[in-house]
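To start, the structure under review is shown below, and the notes come after it.
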Amino acid sequence: QLRVDSSGVCVQASFGLGAVGPTPLAFPAAAAQLVGQAITATRAREIAVEVTRDLDTPGDIHADADYRRHLAAVLLQRAIENAAADAARSSAV
């Protein structure tokens, strides 16, 4: 979830990840780093990489741990970018 002001600056952020461990995980400290900034693709990628770098993600017969971490970073980056775009459209109305 992201909320942005009329200038596109993030004023509230929260996100989490599922399927990267035994329970869903929230990342309030990383989400707080988005507040006060315009959300760019570069910033979304930086946050996604930071969040997923140290995940203790288990591998299984479907995917190994490295692939799951990589996929989590890609999907989180996309989610942040999409949420920012949706929030910007909502604040423009």
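Quick note on naming: the chains in the structure tokens go A, B, ... in the order shown, residues restart at 1 in each chain, and ligands are numbered from 1 in order of appearance.
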Excluding segment 79-90 of chain A and its own-chain neighbours fewer than 2 positions away, which residues fall within 7 Å of it when counting only C-alpha atoms? Please give them as a list in words. Gln1, Leu2, Arg3, Val4, Gly8, Ile39, Ala41, Ala44, Leu75, Leu76, Gln77, Ala92 and Val93 of chain A
How would the residues just picked look written out with N, CA, C and O atoms as an mmCIF file, in the first residue's frame?
data_model
loop_
_atom_site.group_PDB
_atom_site.id
_atom_site.type_symbol
_atom_site.label_atom_id
_atom_site.label_comp_id
_atom_site.auth_asym_id
_atom_site.auth_seq_id
_atom_site.Cartn_x
_atom_site.Cartn_y
_atom_site.Cartn_z
ATOM 1 N N GLN A 1 0.842 -1.166 0.000
ATOM 2 C CA GLN A 1 0.000 0.000 0.000
ATOM 3 C C GLN A 1 0.885 1.225 0.000
ATOM 4 O O GLN A 1 1.835 1.305 0.766
ATOM 5 N N LEU A 2 0.559 2.146 -0.903
ATOM 6 C CA LEU A 2 1.253 3.417 -0.945
ATOM 7 C C LEU A 2 0.240 4.536 -1.054
ATOM 8 O O LEU A 2 -0.798 4.383 -1.694
ATOM 9 N N ARG A 3 0.570 5.647 -0.438
ATOM 10 C CA ARG A 3 -0.225 6.859 -0.610
ATOM 11 C C ARG A 3 0.747 7.966 -0.965
ATOM 12 O O ARG A 3 1.801 8.094 -0.343
ATOM 13 N N VAL A 4 0.394 8.731 -1.996
ATOM 14 C CA VAL A 4 1.250 9.830 -2.425
ATOM 15 C C VAL A 4 0.457 11.124 -2.395
ATOM 16 O O VAL A 4 -0.770 11.117 -2.485
ATOM 17 N N GLY A 8 3.304 13.698 -6.053
ATOM 18 C CA GLY A 8 3.877 12.380 -6.304
ATOM 19 C C GLY A 8 4.836 11.888 -5.247
ATOM 20 O O GLY A 8 5.488 10.860 -5.418
ATOM 21 N N ILE A 39 8.512 8.001 -5.865
ATOM 22 C CA ILE A 39 8.824 6.604 -6.127
ATOM 23 C C ILE A 39 9.220 6.451 -7.593
ATOM 24 O O ILE A 39 8.406 6.619 -8.489
ATOM 25 N N ALA A 41 11.471 3.980 -10.549
ATOM 26 C CA ALA A 41 11.819 2.578 -10.800
ATOM 27 C C ALA A 41 13.131 2.228 -10.100
ATOM 28 O O ALA A 41 13.273 1.143 -9.525
ATOM 29 N N ALA A 44 12.463 1.901 -6.344
ATOM 30 C CA ALA A 44 11.705 0.670 -6.093
ATOM 31 C C ALA A 44 12.632 -0.542 -6.159
ATOM 32 O O ALA A 44 12.554 -1.442 -5.319
ATOM 33 N N LEU A 75 9.201 -9.163 -8.198
ATOM 34 C CA LEU A 75 7.772 -8.943 -7.945
ATOM 35 C C LEU A 75 7.543 -7.783 -6.982
ATOM 36 O O LEU A 75 6.593 -7.012 -7.155
ATOM 37 N N LEU A 76 8.405 -7.630 -5.986
ATOM 38 C CA LEU A 76 8.257 -6.506 -5.057
ATOM 39 C C LEU A 76 8.504 -5.182 -5.780
ATOM 40 O O LEU A 76 7.760 -4.219 -5.586
ATOM 41 N N GLN A 77 9.509 -5.123 -6.625
ATOM 42 C CA GLN A 77 9.759 -3.905 -7.386
ATOM 43 C C GLN A 77 8.535 -3.554 -8.224
ATOM 44 O O GLN A 77 8.090 -2.404 -8.230
ATOM 45 N N ALA A 92 -4.622 12.389 -8.106
ATOM 46 C CA ALA A 92 -4.842 13.392 -9.158
ATOM 47 C C ALA A 92 -6.321 13.651 -9.390
ATOM 48 O O ALA A 92 -6.693 14.634 -9.994
ATOM 49 N N VAL A 93 -7.168 12.756 -8.868
ATOM 50 C CA VAL A 93 -8.620 12.904 -9.086
ATOM 51 C C VAL A 93 -9.209 13.883 -8.111
ATOM 52 O O VAL A 93 -8.875 14.075 -7.038
#
I need the helix (DSSP H, G or I) residues of chain A per DSSP on the backbone, written as a PyMOL selection string. chain A and resi 28-32+41-53+65-92
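The residues of chain A that DSSP classifies as strand (DSSP E or B), using the backbone of this structure, are Leu2, Arg3, Val4, Val9, Cys10, Val11, Gln12, Ala13, Gly16, Leu17, Leu25, Ala26 and Ala38 of chain A.
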Residues within 9 Å of segment 61-66 of chain A, only C-alpha atoms, excluding chain neighbours under 5 positions, as an NGL selection string: :A and (20 or 56 or 71)
Could you save those same residues with C-alpha atoms as a tab-separated table (two decimals), in the first residue's frame?
chain	number	residue	atom	x	y	z
A	20	VAL	CA	9.45	-16.61	1.00
A	56	ASP	CA	16.27	-16.91	4.61
A	71	LEU	CA	11.70	-13.56	-7.98
For Ala19 of chain A, please output as a list in words all residues within 10 Å (counting only C-alpha atoms; exclusion window: fewer than 3 positions along the same chain). Pro22, Thr23, Pro24, Leu25, Thr57, Pro58, Arg68 and Ala72 of chain A
Neighbouring residues of Ala29 of chain A were defined as those with any atom within 12 Å, considering only C-alpha atoms; residues of the same chain fewer than 6 positions away were excluded. Please report them as JSON, numbers by chain. {"A": [13, 14, 15, 16, 35, 47, 50, 51]}
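Atom pair atom CA of Ala48 of chain A / atom CA of Ala73 of chain A has a distance of 4.9 Å (rounded to one decimal).
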Counting only C-alpha atoms, the residue among A:Thr42, A:Gly18, A:Arg69, A:Val49 that lies closest to Ala30 of chain A is A:Val49
Could you check how far atom CA of Ser7 of chain A sits from atom CA of Arg45 of chain A, in Å to one decimal? 21.1 Å
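Checking A:Val74, A:Phe27, A:Val9, A:Ser91 one by one against Thr40 of chain A, counting only C-alpha atoms, you find the shortest gap at A:Val9.
You can rank A:Arg78, A:Cys10, A:Asp5, A:Tyr67 by their closest distance to Leu34 of chain A using only C-alpha atoms, and at the top of that list sits A:Cys10.
Minimum distance to Ala38 of chain A across A:His70, A:Leu17, A:Gln12, A:Asp60 (counting only C-alpha atoms) occurs at A:Gln12.
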